[in-house]
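Data block below; observations after.
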Amino acid sequence: MQIINSRAALLSNYEVLELLKEQEADHLARQRTALRVKKEEEQNEAGPSSRNVLPGGRDPTALPEISENMRTLQVEAIAYLSADHQPTALQTPEGITELTKQLQPFELTKAEKLQIVNLAPRSTVELYVIVEESEDRFGEDGMNSILALVNASLSEATTTTTTVTSTSPSGEGSEPIQLIDDDQGGLVYPVDEHEDIEPEFDDSGDGAGVEGDLEMDED
């Protein structure tokens with residue numbers, strides 16, 4: 001992605017995130033290339049480097065000078081826009097384009113459209129905060145229509161499974177277990193239908209069990 005005209009249009013959070021990810025990927029690729037070339041030169045010890053040089057004597061593998069503050073802003077912005085509470089993970093360029101087209105009959109301002117895209121409201125309460133006097137302007141049916149358009153523009157989160165091998169404490173045998181993606185960026189174990197059985201505790205005898213330890217001796 002390349003910014004041709006910085007004042008051409010407003011950018012949504014999804015577009016900003018994609019741009020930052022591309023810049024981050026480009027920076028990491030240049031960094032890996034520079035380290036690889038440096039390692040090869042150290043191993044060859046061939047004196048002057050035979051690498052290609054751009055006009056003006058510029059090194060194509062040299063990393064562009066980026067201030068530490070700018071790198072911090074990029075990394076933190078990517079982390080914030082990729083957070084679980086953000087709708088960017090469920091958005092697509094096609095979905096955003098279609099949503100903005102479908103919102104035209106509602107006579108929303110550009111700022112209101114941008115906020116709807118960025119926040120992707122799922123309830124009338126969230127829409128109240130984004131659009132001023134939304135109930136007076138659109139009525140309940142109109143608000144529900146806007147929410148339906150927002151939901152239609154979002155893609156469904158995919159559920160993935162990963163197979164791992166567990167080994168018994170005795171080291172005998174192994175059994176594959178399917179870990180399920182919990183849609184929060186982590187993996188969880190599937191629920192066993194036998195895990196609902198209530199455990200039984202033996203509280204017989206002196207000092208056996210928590211309840212026995214808390215009983216008072218009678219005088």
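Ligands are numbered from 1 in the order shown, chains are lettered A, B, ... in the order of the structure tokens, and residues start at 1 in each chain.
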Just want the 12 Å neighbourhood of Gln102 of chain A, counted on only C-alpha atoms, with same-chain residues fewer than 6 positions away dropped. Output as a list in words.
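The residues satisfying every condition are Gly95, Ile96, Leu108, Lys113, Val117, Ser145, Ile146, Leu147, Ala148, Leu149, Val150, Ala152 and Ser153 of chain A.
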Put those residues in a file: N, CA, C and O atoms, as an mmCIF file, in the first residue's frame.
data_model
loop_
_atom_site.group_PDB
_atom_site.id
_atom_site.type_symbol
_atom_site.label_atom_id
_atom_site.label_comp_id
_atom_site.auth_asym_id
_atom_site.auth_seq_id
_atom_site.Cartn_x
_atom_site.Cartn_y
_atom_site.Cartn_z
ATOM 1 N N GLY A 95 -15.707 -5.868 2.388
ATOM 2 C CA GLY A 95 -16.778 -5.632 3.341
ATOM 3 C C GLY A 95 -16.917 -4.171 3.709
ATOM 4 O O GLY A 95 -18.037 -3.639 3.820
ATOM 5 N N ILE A 96 -15.788 -3.491 3.882
ATOM 6 C CA ILE A 96 -15.829 -2.062 4.225
ATOM 7 C C ILE A 96 -16.381 -1.246 3.063
ATOM 8 O O ILE A 96 -17.204 -0.332 3.248
ATOM 9 N N LEU A 108 -25.569 9.921 6.390
ATOM 10 C CA LEU A 108 -24.607 10.075 7.476
ATOM 11 C C LEU A 108 -23.459 10.969 7.031
ATOM 12 O O LEU A 108 -23.128 11.046 5.842
ATOM 13 N N LYS A 113 -19.791 7.843 9.267
ATOM 14 C CA LYS A 113 -19.508 6.609 8.534
ATOM 15 C C LYS A 113 -18.186 6.000 8.989
ATOM 16 O O LYS A 113 -18.073 4.784 9.164
ATOM 17 N N VAL A 117 -17.560 2.315 10.725
ATOM 18 C CA VAL A 117 -16.610 1.329 10.194
ATOM 19 C C VAL A 117 -15.581 0.943 11.252
ATOM 20 O O VAL A 117 -15.263 -0.239 11.444
ATOM 21 N N SER A 145 -31.561 -1.494 10.824
ATOM 22 C CA SER A 145 -31.041 -1.723 9.473
ATOM 23 C C SER A 145 -29.550 -1.431 9.408
ATOM 24 O O SER A 145 -28.788 -2.172 8.767
ATOM 25 N N ILE A 146 -29.124 -0.362 10.071
ATOM 26 C CA ILE A 146 -27.693 -0.034 10.094
ATOM 27 C C ILE A 146 -26.900 -1.136 10.794
ATOM 28 O O ILE A 146 -25.837 -1.563 10.320
ATOM 29 N N LEU A 147 -27.422 -1.616 11.916
ATOM 30 C CA LEU A 147 -26.733 -2.690 12.643
ATOM 31 C C LEU A 147 -26.669 -3.962 11.804
ATOM 32 O O LEU A 147 -25.659 -4.681 11.834
ATOM 33 N N ALA A 148 -27.712 -4.234 11.039
ATOM 34 C CA ALA A 148 -27.715 -5.421 10.179
ATOM 35 C C ALA A 148 -26.664 -5.288 9.078
ATOM 36 O O ALA A 148 -25.979 -6.262 8.734
ATOM 37 N N LEU A 149 -26.501 -4.089 8.545
ATOM 38 C CA LEU A 149 -25.485 -3.862 7.516
ATOM 39 C C LEU A 149 -24.081 -4.044 8.091
ATOM 40 O O LEU A 149 -23.193 -4.595 7.428
ATOM 41 N N VAL A 150 -23.878 -3.562 9.308
ATOM 42 C CA VAL A 150 -22.565 -3.718 9.953
ATOM 43 C C VAL A 150 -22.260 -5.197 10.162
ATOM 44 O O VAL A 150 -21.153 -5.669 9.861
ATOM 45 N N ALA A 152 -23.407 -7.713 8.535
ATOM 46 C CA ALA A 152 -23.202 -8.374 7.245
ATOM 47 C C ALA A 152 -21.822 -8.090 6.670
ATOM 48 O O ALA A 152 -21.294 -8.887 5.886
ATOM 49 N N SER A 153 -21.218 -6.959 7.056
ATOM 50 C CA SER A 153 -19.900 -6.594 6.517
ATOM 51 C C SER A 153 -18.759 -7.312 7.214
ATOM 52 O O SER A 153 -17.631 -7.305 6.720
#
Find the spatial neighbours of Glu24 of chain A, counting only C-alpha atoms, within a cut-off of 10 Å - ignore same-chain residues fewer than 5 positions away - and output them as JSON, numbers by chain.
{"A": [18, 19, 29, 30, 71, 74, 75, 78]}
Give me, as a ChimeraX atom specification, all polymer residues having an atom no more than 8 Å from segment 118-126 of chain A, counting only C-alpha atoms and skipping those fewer than 6 positions away in the same chain.
/A:12-14,86-88,143-144,147,150-151
With all heavy atoms kept, could you save the residues just selected as a CSV table (one decimal), in the first residue's frame?
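The result, stored in again-v6.csv:
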chain,number,residue,atom,x,y,z
A,12,SER,N,-9.7,4.3,7.4
A,12,SER,CA,-10.3,3.6,8.6
A,12,SER,C,-9.2,2.9,9.3
A,12,SER,O,-8.0,2.8,8.9
A,12,SER,CB,-11.2,2.5,8.0
A,12,SER,OG,-10.5,1.5,7.3
A,13,ASN,N,-9.5,2.4,10.5
A,13,ASN,CA,-8.5,1.7,11.4
A,13,ASN,C,-8.0,0.5,10.6
A,13,ASN,O,-6.8,0.1,10.8
A,13,ASN,CB,-9.2,1.3,12.7
A,13,ASN,CG,-9.4,2.5,13.6
A,13,ASN,OD1,-8.9,3.6,13.4
A,13,ASN,ND2,-10.1,2.2,14.7
A,14,TYR,N,-8.8,-0.2,9.9
A,14,TYR,CA,-8.4,-1.4,9.2
A,14,TYR,C,-7.3,-1.0,8.1
A,14,TYR,O,-6.3,-1.7,8.0
A,14,TYR,CB,-9.6,-2.0,8.5
A,14,TYR,CG,-9.2,-3.2,7.6
A,14,TYR,CD1,-9.0,-4.5,8.1
A,14,TYR,CD2,-9.0,-3.0,6.2
A,14,TYR,CE1,-8.7,-5.6,7.3
A,14,TYR,CE2,-8.7,-4.1,5.4
A,14,TYR,CZ,-8.5,-5.4,6.0
A,14,TYR,OH,-8.1,-6.4,5.2
A,86,GLN,N,-11.1,-5.0,19.0
A,86,GLN,CA,-11.2,-4.3,17.8
A,86,GLN,C,-11.9,-5.1,16.7
A,86,GLN,O,-11.6,-6.4,16.7
A,86,GLN,CB,-9.8,-3.8,17.3
A,86,GLN,CG,-9.1,-2.8,18.2
A,86,GLN,CD,-9.7,-1.4,18.1
A,86,GLN,OE1,-10.6,-1.2,17.3
A,86,GLN,NE2,-9.2,-0.5,18.9
A,87,PRO,N,-12.7,-4.6,15.8
A,87,PRO,CA,-13.3,-5.4,14.8
A,87,PRO,C,-12.4,-5.6,13.5
A,87,PRO,O,-12.8,-6.3,12.6
A,87,PRO,CB,-14.5,-4.5,14.4
A,87,PRO,CG,-14.1,-3.1,14.6
A,87,PRO,CD,-13.1,-3.2,15.8
A,88,THR,N,-11.2,-5.1,13.6
A,88,THR,CA,-10.3,-5.2,12.4
A,88,THR,C,-10.1,-6.7,12.0
A,88,THR,O,-9.9,-7.0,10.8
A,88,THR,CB,-9.0,-4.6,12.7
A,88,THR,OG1,-8.4,-5.0,13.9
A,88,THR,CG2,-9.1,-3.1,12.8
A,143,MET,N,-32.3,2.2,12.7
A,143,MET,CA,-31.1,1.8,13.5
A,143,MET,C,-30.8,0.3,13.3
A,143,MET,O,-29.7,-0.1,13.2
A,143,MET,CB,-31.3,2.2,14.9
A,143,MET,CG,-31.4,3.7,15.1
A,143,MET,SD,-31.7,4.1,16.9
A,143,MET,CE,-30.2,3.5,17.6
A,144,ASN,N,-31.9,-0.5,13.4
A,144,ASN,CA,-31.7,-1.9,13.2
A,144,ASN,C,-31.2,-2.3,11.8
A,144,ASN,O,-30.4,-3.2,11.7
A,144,ASN,CB,-33.0,-2.7,13.4
A,144,ASN,CG,-33.5,-2.6,14.9
A,144,ASN,OD1,-32.6,-2.5,15.8
A,144,ASN,ND2,-34.8,-2.7,15.1
A,147,LEU,N,-27.4,-1.6,11.9
A,147,LEU,CA,-26.7,-2.7,12.6
A,147,LEU,C,-26.7,-4.0,11.8
A,147,LEU,O,-25.7,-4.7,11.8
A,147,LEU,CB,-27.5,-3.0,14.0
A,147,LEU,CG,-27.5,-1.8,15.0
A,147,LEU,CD1,-28.3,-2.2,16.2
A,147,LEU,CD2,-26.0,-1.5,15.4
A,150,VAL,N,-23.9,-3.6,9.3
A,150,VAL,CA,-22.6,-3.7,10.0
A,150,VAL,C,-22.3,-5.2,10.2
A,150,VAL,O,-21.2,-5.7,9.9
A,150,VAL,CB,-22.5,-3.0,11.3
A,150,VAL,CG1,-21.2,-3.3,12.0
A,150,VAL,CG2,-22.6,-1.5,11.1
A,151,ASN,N,-23.2,-5.9,10.7
A,151,ASN,CA,-23.0,-7.4,10.9
A,151,ASN,C,-22.7,-8.1,9.6
A,151,ASN,O,-21.9,-9.0,9.6
A,151,ASN,CB,-24.2,-8.0,11.6
A,151,ASN,CG,-24.3,-7.5,13.1
A,151,ASN,OD1,-23.3,-7.3,13.7
A,151,ASN,ND2,-25.6,-7.4,13.5
